[in-house]
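Next up, input_35.txt (compact mmCIF, N, CA and C atoms):
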```txt
# COMPACT_ATOMS: atom_id res chain seq x y z
N GLN B 1 5.05 -37.74 -12.55
CA GLN B 1 5.56 -36.39 -12.35
C GLN B 1 4.40 -35.46 -12.02
N VAL B 2 4.57 -34.67 -10.98
CA VAL B 2 3.55 -33.71 -10.59
C VAL B 2 3.94 -32.34 -11.14
N GLN B 3 2.99 -31.70 -11.76
CA GLN B 3 3.23 -30.35 -12.27
C GLN B 3 2.36 -29.36 -11.52
N LEU B 4 2.96 -28.24 -11.18
CA LEU B 4 2.26 -27.17 -10.48
C LEU B 4 2.30 -25.93 -11.36
N VAL B 5 1.16 -25.30 -11.52
CA VAL B 5 1.09 -24.11 -12.36
C VAL B 5 0.42 -23.00 -11.56
N GLU B 6 1.16 -21.92 -11.34
CA GLU B 6 0.62 -20.78 -10.60
C GLU B 6 0.04 -19.74 -11.55
N SER B 7 -0.89 -18.99 -11.03
CA SER B 7 -1.45 -17.85 -11.77
C SER B 7 -2.00 -16.85 -10.77
N GLY B 8 -2.28 -15.65 -11.25
CA GLY B 8 -2.94 -14.66 -10.41
C GLY B 8 -2.07 -13.54 -9.90
N GLY B 9 -0.77 -13.58 -10.18
CA GLY B 9 0.08 -12.48 -9.74
C GLY B 9 -0.21 -11.21 -10.51
N GLY B 10 0.40 -10.13 -10.06
CA GLY B 10 0.19 -8.85 -10.74
C GLY B 10 0.70 -7.70 -9.90
N SER B 11 0.30 -6.52 -10.28
CA SER B 11 0.71 -5.30 -9.58
C SER B 11 -0.50 -4.63 -8.96
N VAL B 12 -0.37 -4.29 -7.69
CA VAL B 12 -1.45 -3.59 -6.98
C VAL B 12 -0.85 -2.51 -6.11
N GLN B 13 -1.70 -1.63 -5.63
CA GLN B 13 -1.25 -0.61 -4.69
C GLN B 13 -1.41 -1.11 -3.26
N THR B 14 -0.73 -0.46 -2.35
CA THR B 14 -0.82 -0.80 -0.94
C THR B 14 -2.29 -0.85 -0.51
N GLY B 15 -2.61 -1.93 0.22
CA GLY B 15 -3.98 -2.13 0.68
C GLY B 15 -4.84 -2.94 -0.26
N GLY B 16 -4.32 -3.22 -1.44
CA GLY B 16 -5.07 -3.98 -2.43
C GLY B 16 -5.06 -5.47 -2.15
N SER B 17 -5.72 -6.22 -3.02
CA SER B 17 -5.84 -7.67 -2.87
C SER B 17 -5.49 -8.38 -4.17
N LEU B 18 -5.02 -9.60 -4.00
CA LEU B 18 -4.78 -10.50 -5.13
C LEU B 18 -5.11 -11.91 -4.67
N ARG B 19 -5.50 -12.77 -5.61
CA ARG B 19 -5.67 -14.18 -5.30
C ARG B 19 -4.80 -15.00 -6.24
N LEU B 20 -3.89 -15.75 -5.64
CA LEU B 20 -3.04 -16.65 -6.41
C LEU B 20 -3.68 -18.02 -6.46
N SER B 21 -3.49 -18.69 -7.60
CA SER B 21 -4.00 -20.06 -7.77
C SER B 21 -2.85 -20.98 -8.13
N CYS B 22 -2.93 -22.21 -7.66
CA CYS B 22 -1.94 -23.23 -8.00
C CYS B 22 -2.69 -24.49 -8.39
N THR B 23 -2.55 -24.87 -9.64
CA THR B 23 -3.22 -26.06 -10.15
C THR B 23 -2.25 -27.23 -10.13
N VAL B 24 -2.71 -28.36 -9.58
CA VAL B 24 -1.88 -29.55 -9.44
C VAL B 24 -2.31 -30.58 -10.47
N SER B 25 -1.32 -31.20 -11.15
CA SER B 25 -1.65 -32.10 -12.25
C SER B 25 -2.12 -33.46 -11.77
N ARG B 26 -1.60 -33.95 -10.64
CA ARG B 26 -1.99 -35.28 -10.15
C ARG B 26 -1.57 -35.44 -8.70
N ASN B 27 -1.98 -36.58 -8.09
CA ASN B 27 -1.64 -36.87 -6.69
C ASN B 27 -1.95 -35.68 -5.79
N VAL B 28 -3.21 -35.35 -5.72
CA VAL B 28 -3.61 -34.09 -5.11
C VAL B 28 -3.59 -34.13 -3.59
N ASN B 29 -3.52 -35.34 -2.97
CA ASN B 29 -3.55 -35.42 -1.51
C ASN B 29 -2.15 -35.29 -0.95
N ARG B 30 -1.73 -34.07 -0.66
CA ARG B 30 -0.40 -33.83 -0.13
C ARG B 30 -0.38 -32.45 0.51
N CYS B 31 0.58 -32.28 1.41
CA CYS B 31 0.80 -30.95 1.99
C CYS B 31 1.29 -30.02 0.89
N MET B 32 0.69 -28.84 0.83
CA MET B 32 1.12 -27.87 -0.17
C MET B 32 1.30 -26.52 0.48
N ALA B 33 2.17 -25.72 -0.10
CA ALA B 33 2.53 -24.44 0.50
C ALA B 33 2.79 -23.39 -0.56
N TRP B 34 2.76 -22.16 -0.10
CA TRP B 34 3.20 -21.01 -0.88
C TRP B 34 4.47 -20.46 -0.24
N PHE B 35 5.46 -20.24 -1.06
CA PHE B 35 6.69 -19.59 -0.64
C PHE B 35 6.85 -18.30 -1.46
N ARG B 36 7.71 -17.42 -0.98
CA ARG B 36 8.03 -16.23 -1.75
C ARG B 36 9.51 -15.94 -1.63
N GLN B 37 10.01 -15.23 -2.63
CA GLN B 37 11.44 -14.93 -2.65
C GLN B 37 11.67 -13.61 -3.36
N VAL B 38 12.55 -12.81 -2.79
CA VAL B 38 13.03 -11.59 -3.44
C VAL B 38 14.49 -11.80 -3.75
N PRO B 39 15.00 -11.14 -4.77
CA PRO B 39 16.40 -11.33 -5.15
C PRO B 39 17.35 -11.05 -3.98
N GLY B 40 18.28 -11.97 -3.79
CA GLY B 40 19.28 -11.79 -2.75
C GLY B 40 18.87 -12.30 -1.38
N LYS B 41 17.64 -12.81 -1.28
CA LYS B 41 17.17 -13.33 0.01
C LYS B 41 16.74 -14.78 -0.14
N GLU B 42 16.69 -15.47 1.00
CA GLU B 42 16.25 -16.87 0.99
C GLU B 42 14.75 -16.96 0.74
N ARG B 43 14.36 -18.09 0.21
CA ARG B 43 12.94 -18.35 -0.01
C ARG B 43 12.25 -18.46 1.35
N GLU B 44 11.10 -17.82 1.47
CA GLU B 44 10.38 -17.73 2.75
C GLU B 44 9.03 -18.43 2.65
N GLY B 45 8.74 -19.27 3.64
CA GLY B 45 7.42 -19.90 3.68
C GLY B 45 6.36 -18.88 4.05
N VAL B 46 5.29 -18.85 3.28
CA VAL B 46 4.21 -17.89 3.51
C VAL B 46 3.02 -18.58 4.18
N ALA B 47 2.60 -19.70 3.63
CA ALA B 47 1.44 -20.42 4.15
C ALA B 47 1.47 -21.85 3.64
N ALA B 48 0.84 -22.75 4.39
CA ALA B 48 0.74 -24.15 3.97
C ALA B 48 -0.62 -24.69 4.39
N ILE B 49 -1.03 -25.75 3.68
CA ILE B 49 -2.30 -26.40 3.99
C ILE B 49 -2.09 -27.90 3.94
N SER B 50 -2.66 -28.59 4.93
CA SER B 50 -2.50 -30.04 5.02
C SER B 50 -3.22 -30.73 3.87
N SER B 51 -2.91 -32.00 3.67
CA SER B 51 -3.50 -32.74 2.56
C SER B 51 -5.02 -32.78 2.67
N GLY B 52 -5.54 -32.88 3.90
CA GLY B 52 -6.97 -32.92 4.08
C GLY B 52 -7.63 -31.55 4.07
N GLY B 53 -6.81 -30.53 4.12
CA GLY B 53 -7.34 -29.17 4.12
C GLY B 53 -7.82 -28.68 5.47
N ASP B 54 -7.63 -29.49 6.52
CA ASP B 54 -8.17 -29.12 7.82
C ASP B 54 -7.21 -28.33 8.68
N THR B 55 -5.95 -28.25 8.28
CA THR B 55 -4.95 -27.51 9.05
C THR B 55 -4.20 -26.56 8.13
N THR B 56 -4.05 -25.34 8.59
CA THR B 56 -3.32 -24.33 7.83
C THR B 56 -2.24 -23.71 8.71
N TYR B 57 -1.21 -23.21 8.06
CA TYR B 57 -0.07 -22.60 8.74
C TYR B 57 0.25 -21.29 8.02
N TYR B 58 0.68 -20.31 8.81
CA TYR B 58 1.01 -19.01 8.23
C TYR B 58 2.26 -18.44 8.86
N ALA B 59 3.01 -17.72 8.06
CA ALA B 59 4.10 -16.91 8.60
C ALA B 59 3.49 -15.76 9.39
N ASP B 60 4.18 -15.36 10.44
CA ASP B 60 3.67 -14.27 11.29
C ASP B 60 3.41 -13.00 10.47
N SER B 61 4.23 -12.78 9.46
CA SER B 61 4.14 -11.54 8.70
C SER B 61 2.86 -11.44 7.85
N VAL B 62 2.16 -12.57 7.67
CA VAL B 62 0.97 -12.54 6.81
C VAL B 62 -0.30 -12.96 7.55
N LYS B 63 -0.17 -13.36 8.81
CA LYS B 63 -1.36 -13.80 9.57
C LYS B 63 -2.39 -12.68 9.63
N GLY B 64 -3.63 -13.08 9.40
CA GLY B 64 -4.72 -12.11 9.42
C GLY B 64 -4.93 -11.38 8.10
N ARG B 65 -3.98 -11.52 7.17
CA ARG B 65 -4.10 -10.86 5.87
C ARG B 65 -4.21 -11.87 4.73
N PHE B 66 -3.53 -12.99 4.85
CA PHE B 66 -3.51 -14.00 3.80
C PHE B 66 -4.31 -15.23 4.25
N THR B 67 -4.94 -15.89 3.29
CA THR B 67 -5.68 -17.11 3.57
C THR B 67 -5.36 -18.15 2.51
N ILE B 68 -4.92 -19.33 2.95
CA ILE B 68 -4.68 -20.43 2.04
C ILE B 68 -5.89 -21.36 2.07
N SER B 69 -6.28 -21.86 0.92
CA SER B 69 -7.45 -22.73 0.86
C SER B 69 -7.31 -23.67 -0.34
N GLN B 70 -8.23 -24.62 -0.41
CA GLN B 70 -8.25 -25.52 -1.56
C GLN B 70 -9.68 -25.80 -1.94
N GLU B 71 -9.90 -26.03 -3.21
CA GLU B 71 -11.24 -26.37 -3.63
C GLU B 71 -11.48 -27.87 -3.40
N ASN B 72 -12.75 -28.29 -3.42
CA ASN B 72 -13.13 -29.62 -2.95
C ASN B 72 -12.38 -30.76 -3.65
N ALA B 73 -12.13 -30.63 -4.90
CA ALA B 73 -11.44 -31.68 -5.64
C ALA B 73 -9.94 -31.67 -5.39
N LYS B 74 -9.47 -30.64 -4.69
CA LYS B 74 -8.06 -30.50 -4.29
C LYS B 74 -7.11 -30.36 -5.47
N THR B 75 -7.63 -30.06 -6.64
CA THR B 75 -6.72 -29.85 -7.76
C THR B 75 -6.17 -28.44 -7.79
N THR B 76 -6.77 -27.54 -7.00
CA THR B 76 -6.32 -26.16 -7.00
C THR B 76 -6.22 -25.66 -5.57
N ARG B 77 -5.09 -25.03 -5.26
CA ARG B 77 -4.92 -24.34 -4.00
C ARG B 77 -4.88 -22.85 -4.27
N TYR B 78 -5.36 -22.09 -3.30
CA TYR B 78 -5.43 -20.65 -3.47
C TYR B 78 -4.68 -19.95 -2.35
N LEU B 79 -4.22 -18.76 -2.65
CA LEU B 79 -3.69 -17.87 -1.63
C LEU B 79 -4.37 -16.52 -1.83
N GLN B 80 -5.33 -16.23 -0.95
CA GLN B 80 -5.99 -14.94 -0.98
C GLN B 80 -5.16 -13.96 -0.17
N MET B 81 -4.75 -12.88 -0.81
CA MET B 81 -3.87 -11.91 -0.16
C MET B 81 -4.59 -10.57 -0.08
N ASN B 82 -4.87 -10.14 1.14
CA ASN B 82 -5.55 -8.87 1.37
C ASN B 82 -4.61 -7.91 2.10
N SER B 83 -4.98 -6.65 2.10
CA SER B 83 -4.20 -5.61 2.79
C SER B 83 -2.73 -5.71 2.43
N LEU B 84 -2.45 -5.81 1.17
CA LEU B 84 -1.08 -6.00 0.71
C LEU B 84 -0.20 -4.80 1.04
N LYS B 85 1.06 -5.11 1.32
CA LYS B 85 2.05 -4.10 1.68
C LYS B 85 3.21 -4.17 0.69
N PRO B 86 3.97 -3.10 0.56
CA PRO B 86 5.14 -3.16 -0.34
C PRO B 86 6.09 -4.30 0.00
N GLU B 87 6.21 -4.63 1.28
CA GLU B 87 7.11 -5.72 1.67
C GLU B 87 6.61 -7.10 1.26
N ASP B 88 5.41 -7.19 0.75
CA ASP B 88 4.90 -8.45 0.20
C ASP B 88 5.37 -8.66 -1.24
N THR B 89 6.01 -7.67 -1.81
CA THR B 89 6.51 -7.79 -3.18
C THR B 89 7.54 -8.91 -3.27
N ALA B 90 7.31 -9.85 -4.15
CA ALA B 90 8.19 -11.01 -4.29
C ALA B 90 7.69 -11.88 -5.44
N MET B 91 8.51 -12.86 -5.79
CA MET B 91 8.05 -13.95 -6.65
C MET B 91 7.43 -15.00 -5.74
N TYR B 92 6.22 -15.40 -6.03
CA TYR B 92 5.51 -16.38 -5.21
C TYR B 92 5.50 -17.74 -5.91
N TYR B 93 5.84 -18.76 -5.14
CA TYR B 93 5.92 -20.11 -5.67
C TYR B 93 4.97 -21.05 -4.92
N CYS B 94 4.35 -21.93 -5.67
CA CYS B 94 3.57 -23.00 -5.10
C CYS B 94 4.48 -24.22 -5.00
N ALA B 95 4.33 -25.00 -3.91
CA ALA B 95 5.19 -26.16 -3.71
C ALA B 95 4.38 -27.31 -3.12
N ALA B 96 4.82 -28.53 -3.42
CA ALA B 96 4.13 -29.72 -2.94
C ALA B 96 5.12 -30.70 -2.34
N LYS B 97 4.74 -31.28 -1.19
CA LYS B 97 5.56 -32.32 -0.59
C LYS B 97 5.19 -33.68 -1.19
N PRO B 98 6.02 -34.71 -0.99
CA PRO B 98 5.62 -36.07 -1.36
C PRO B 98 4.37 -36.46 -0.57
N PRO B 99 3.58 -37.40 -1.06
CA PRO B 99 2.31 -37.74 -0.41
C PRO B 99 2.45 -38.20 1.04
N THR B 100 3.55 -38.80 1.44
CA THR B 100 3.70 -39.33 2.79
C THR B 100 4.19 -38.28 3.79
N TYR B 101 4.51 -37.09 3.34
CA TYR B 101 5.05 -36.06 4.22
C TYR B 101 3.93 -35.18 4.76
N ALA B 102 3.86 -35.08 6.08
CA ALA B 102 2.90 -34.16 6.68
C ALA B 102 3.43 -32.74 6.60
N CYS B 103 2.53 -31.78 6.76
CA CYS B 103 2.98 -30.39 6.76
C CYS B 103 3.87 -30.13 7.97
N GLY B 104 3.31 -30.33 9.18
CA GLY B 104 4.07 -30.10 10.40
C GLY B 104 4.14 -28.64 10.77
N SER B 105 4.03 -28.38 12.08
CA SER B 105 4.00 -26.99 12.55
C SER B 105 5.34 -26.29 12.35
N VAL B 106 6.42 -27.04 12.23
CA VAL B 106 7.74 -26.45 11.99
C VAL B 106 8.19 -26.77 10.57
N SER B 107 7.99 -28.01 10.16
CA SER B 107 8.56 -28.46 8.89
C SER B 107 7.89 -27.85 7.67
N TRP B 108 6.69 -27.25 7.87
CA TRP B 108 6.04 -26.69 6.69
C TRP B 108 6.87 -25.58 6.06
N ARG B 109 7.74 -24.95 6.87
CA ARG B 109 8.55 -23.83 6.37
C ARG B 109 9.81 -24.29 5.62
N ARG B 110 10.15 -25.57 5.74
CA ARG B 110 11.43 -26.03 5.17
C ARG B 110 11.27 -26.28 3.67
N SER B 111 11.86 -25.44 2.88
CA SER B 111 11.71 -25.56 1.43
C SER B 111 12.33 -26.87 0.91
N ASP B 112 13.35 -27.38 1.59
CA ASP B 112 13.98 -28.62 1.14
C ASP B 112 13.04 -29.82 1.20
N ASP B 113 11.98 -29.74 2.01
CA ASP B 113 11.05 -30.85 2.14
C ASP B 113 10.09 -30.94 0.95
N TYR B 114 10.06 -29.93 0.14
CA TYR B 114 9.10 -29.88 -0.97
C TYR B 114 9.77 -30.38 -2.24
N THR B 115 9.10 -31.33 -2.87
CA THR B 115 9.68 -31.99 -4.03
C THR B 115 9.36 -31.27 -5.34
N TYR B 116 8.17 -30.71 -5.39
CA TYR B 116 7.70 -30.12 -6.64
C TYR B 116 7.44 -28.63 -6.46
N TRP B 117 7.79 -27.88 -7.48
CA TRP B 117 7.66 -26.43 -7.45
C TRP B 117 7.07 -25.93 -8.75
N GLY B 118 6.27 -24.88 -8.63
CA GLY B 118 5.80 -24.20 -9.82
C GLY B 118 6.84 -23.23 -10.34
N GLN B 119 6.49 -22.54 -11.41
CA GLN B 119 7.44 -21.64 -12.05
C GLN B 119 7.47 -20.26 -11.40
N GLY B 120 6.50 -19.98 -10.58
CA GLY B 120 6.45 -18.71 -9.87
C GLY B 120 5.56 -17.69 -10.55
N THR B 121 5.01 -16.80 -9.75
CA THR B 121 4.21 -15.70 -10.27
C THR B 121 4.57 -14.45 -9.47
N GLN B 122 4.80 -13.36 -10.18
CA GLN B 122 5.30 -12.14 -9.55
C GLN B 122 4.16 -11.34 -8.93
N VAL B 123 4.39 -10.89 -7.70
CA VAL B 123 3.47 -9.98 -7.02
C VAL B 123 4.24 -8.71 -6.71
N THR B 124 3.71 -7.58 -7.14
CA THR B 124 4.35 -6.29 -6.90
C THR B 124 3.34 -5.36 -6.24
N VAL B 125 3.72 -4.83 -5.07
CA VAL B 125 2.84 -3.92 -4.34
C VAL B 125 3.53 -2.56 -4.27
N SER B 126 2.89 -1.55 -4.80
CA SER B 126 3.48 -0.22 -4.82
C SER B 126 2.85 0.64 -3.73
N SER B 127 3.66 1.56 -3.22
CA SER B 127 3.19 2.43 -2.13
C SER B 127 2.52 3.67 -2.68
```

Structure translated into structure tokens:
Amino acid sequence: QVQLVESGGGSVQTGGSLRLSCTVSRNVNRCMAWFRQVPGKEREGVAAISSGGDTTYYADSVKGRFTISQENAKTTRYLQMNSLKPEDTAMYYCAAKPPTYACGSVSWRRSDDYTYWGQGTQVTVSS
């Protein structure tokens, strides 16, 4: 069983920054992503990183502001969020695909492809 634990959420003002962390308990070589969700809306893919860390994907709404990365041992993935906007307010979730699943330029956004999910961390951006 793979466990994902997120941390780093909080409340900031518009233009501020936060860094989210996702710690993986085992089987670290896999496509991983950050999703976000607000009440009443579908879960949205924010960013993903390939198992090797050499390819990243971003939603258009966060390109140039958010950066997904992983540390060398691959036990932790990060989401650096800069220039935050009120519309970034959401619960942010870390997710992991099975080891044999690639991220894919389209499939990285499909939440159904992800087997493991963290409990979520709230990000609130005030104007």

Which protein, DNA or RNA residues have an atom at most 6 Å from (2.1, 2.7, -7.5), counting all atoms listed in the file? List them as a list in words.
->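 Residues found, by chain and rising number: Gln13, Ser126 and Ser127 of chain B.
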
Residues at most 6 Å from Asn82 (chain B), counting all atoms listed in the file, excluding those fewer than 6 positions away in the same chain, as a ChimeraX atom specification?
-> /B:15-18,65-66

Nearby residues (all atoms listed in the file) at most 7 Å from region 45-50 of chain B, same-chain spacing under 6 positions excluded, as a ChimeraX atom specification | /B:29-36,56-59,62,68-69,102-103,108-111

Selection export as a PDB file, keeping the file's coordinate frame, atoms kept: N, CA and C atoms:
```pdb
ATOM      1  N   ASN B  29      -3.520 -35.340  -2.970  1.00  0.00           N
ATOM      2  CA  ASN B  29      -3.550 -35.420  -1.510  1.00  0.00           C
ATOM      3  C   ASN B  29      -2.150 -35.290  -0.950  1.00  0.00           C
ATOM      4  N   ARG B  30      -1.730 -34.070  -0.660  1.00  0.00           N
ATOM      5  CA  ARG B  30      -0.400 -33.830  -0.130  1.00  0.00           C
ATOM      6  C   ARG B  30      -0.380 -32.450   0.510  1.00  0.00           C
ATOM      7  N   CYS B  31       0.580 -32.280   1.410  1.00  0.00           N
ATOM      8  CA  CYS B  31       0.800 -30.950   1.990  1.00  0.00           C
ATOM      9  C   CYS B  31       1.290 -30.020   0.890  1.00  0.00           C
ATOM     10  N   MET B  32       0.690 -28.840   0.830  1.00  0.00           N
ATOM     11  CA  MET B  32       1.120 -27.870  -0.170  1.00  0.00           C
ATOM     12  C   MET B  32       1.300 -26.520   0.480  1.00  0.00           C
ATOM     13  N   ALA B  33       2.170 -25.720  -0.100  1.00  0.00           N
ATOM     14  CA  ALA B  33       2.530 -24.440   0.500  1.00  0.00           C
ATOM     15  C   ALA B  33       2.790 -23.390  -0.560  1.00  0.00           C
ATOM     16  N   TRP B  34       2.760 -22.160  -0.100  1.00  0.00           N
ATOM     17  CA  TRP B  34       3.200 -21.010  -0.880  1.00  0.00           C
ATOM     18  C   TRP B  34       4.470 -20.460  -0.240  1.00  0.00           C
ATOM     19  N   PHE B  35       5.460 -20.240  -1.060  1.00  0.00           N
ATOM     20  CA  PHE B  35       6.690 -19.590  -0.640  1.00  0.00           C
ATOM     21  C   PHE B  35       6.850 -18.300  -1.460  1.00  0.00           C
ATOM     22  N   ARG B  36       7.710 -17.420  -0.980  1.00  0.00           N
ATOM     23  CA  ARG B  36       8.030 -16.230  -1.750  1.00  0.00           C
ATOM     24  C   ARG B  36       9.510 -15.940  -1.630  1.00  0.00           C
ATOM     25  N   THR B  56      -4.050 -25.340   8.590  1.00  0.00           N
ATOM     26  CA  THR B  56      -3.320 -24.330   7.830  1.00  0.00           C
ATOM     27  C   THR B  56      -2.240 -23.710   8.710  1.00  0.00           C
ATOM     28  N   TYR B  57      -1.210 -23.210   8.060  1.00  0.00           N
ATOM     29  CA  TYR B  57      -0.070 -22.600   8.740  1.00  0.00           C
ATOM     30  C   TYR B  57       0.250 -21.290   8.020  1.00  0.00           C
ATOM     31  N   TYR B  58       0.680 -20.310   8.810  1.00  0.00           N
ATOM     32  CA  TYR B  58       1.010 -19.010   8.230  1.00  0.00           C
ATOM     33  C   TYR B  58       2.260 -18.440   8.860  1.00  0.00           C
ATOM     34  N   ALA B  59       3.010 -17.720   8.060  1.00  0.00           N
ATOM     35  CA  ALA B  59       4.100 -16.910   8.600  1.00  0.00           C
ATOM     36  C   ALA B  59       3.490 -15.760   9.390  1.00  0.00           C
ATOM     37  N   VAL B  62       2.160 -12.570   7.670  1.00  0.00           N
ATOM     38  CA  VAL B  62       0.970 -12.540   6.810  1.00  0.00           C
ATOM     39  C   VAL B  62      -0.300 -12.960   7.550  1.00  0.00           C
ATOM     40  N   ILE B  68      -4.920 -19.330   2.950  1.00  0.00           N
ATOM     41  CA  ILE B  68      -4.680 -20.430   2.040  1.00  0.00           C
ATOM     42  C   ILE B  68      -5.890 -21.360   2.070  1.00  0.00           C
ATOM     43  N   SER B  69      -6.280 -21.860   0.920  1.00  0.00           N
ATOM     44  CA  SER B  69      -7.450 -22.730   0.860  1.00  0.00           C
ATOM     45  C   SER B  69      -7.310 -23.670  -0.340  1.00  0.00           C
ATOM     46  N   ALA B 102       3.860 -35.080   6.080  1.00  0.00           N
ATOM     47  CA  ALA B 102       2.900 -34.160   6.680  1.00  0.00           C
ATOM     48  C   ALA B 102       3.430 -32.740   6.600  1.00  0.00           C
ATOM     49  N   CYS B 103       2.530 -31.780   6.760  1.00  0.00           N
ATOM     50  CA  CYS B 103       2.980 -30.390   6.760  1.00  0.00           C
ATOM     51  C   CYS B 103       3.870 -30.130   7.970  1.00  0.00           C
ATOM     52  N   TRP B 108       6.690 -27.250   7.870  1.00  0.00           N
ATOM     53  CA  TRP B 108       6.040 -26.690   6.690  1.00  0.00           C
ATOM     54  C   TRP B 108       6.870 -25.580   6.060  1.00  0.00           C
ATOM     55  N   ARG B 109       7.740 -24.950   6.870  1.00  0.00           N
ATOM     56  CA  ARG B 109       8.550 -23.830   6.370  1.00  0.00           C
ATOM     57  C   ARG B 109       9.810 -24.290   5.620  1.00  0.00           C
ATOM     58  N   ARG B 110      10.150 -25.570   5.740  1.00  0.00           N
ATOM     59  CA  ARG B 110      11.430 -26.030   5.170  1.00  0.00           C
ATOM     60  C   ARG B 110      11.270 -26.280   3.670  1.00  0.00           C
ATOM     61  N   SER B 111      11.860 -25.440   2.880  1.00  0.00           N
ATOM     62  CA  SER B 111      11.710 -25.560   1.430  1.00  0.00           C
ATOM     63  C   SER B 111      12.330 -26.870   0.910  1.00  0.00           C
TER      64      SER B 111
END
```

Polymer residues at most 7 Å from Thr14 (chain B), only C-alpha atoms, same-chain spacing of 5 or more positions, as a ChimeraX atom specification = /B:83-86,125-127

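Note that CA of Thr121 (chain B) and atom N of Val28 (chain B) are 21.5 Å apart.
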
Find the residues near Ser21 (chain B): any atom within 9 Å, counting only C-alpha atoms, skip ones fewer than 3 places away on the same chain, and give them as an MDAnalysis selection string.
-> chainID B and resid 5:9 76:80 94

Determine which residues of region 34-95 of chain B DSSP labels as strand (DSSP E) from the backbone of this structure, then write them out as a PyMOL selection string.
-> chain B and resi 34-37+44-49+56-58+66-70+76-81+90-95

So, counting only C-alpha atoms, which residue among B:Val38, B:Ala73, B:Val123, B:Pro99 is closest to Leu20 (chain B)?
->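 Among the listed residues, the smallest separation from Leu20 (chain B) belongs to B:Val123.
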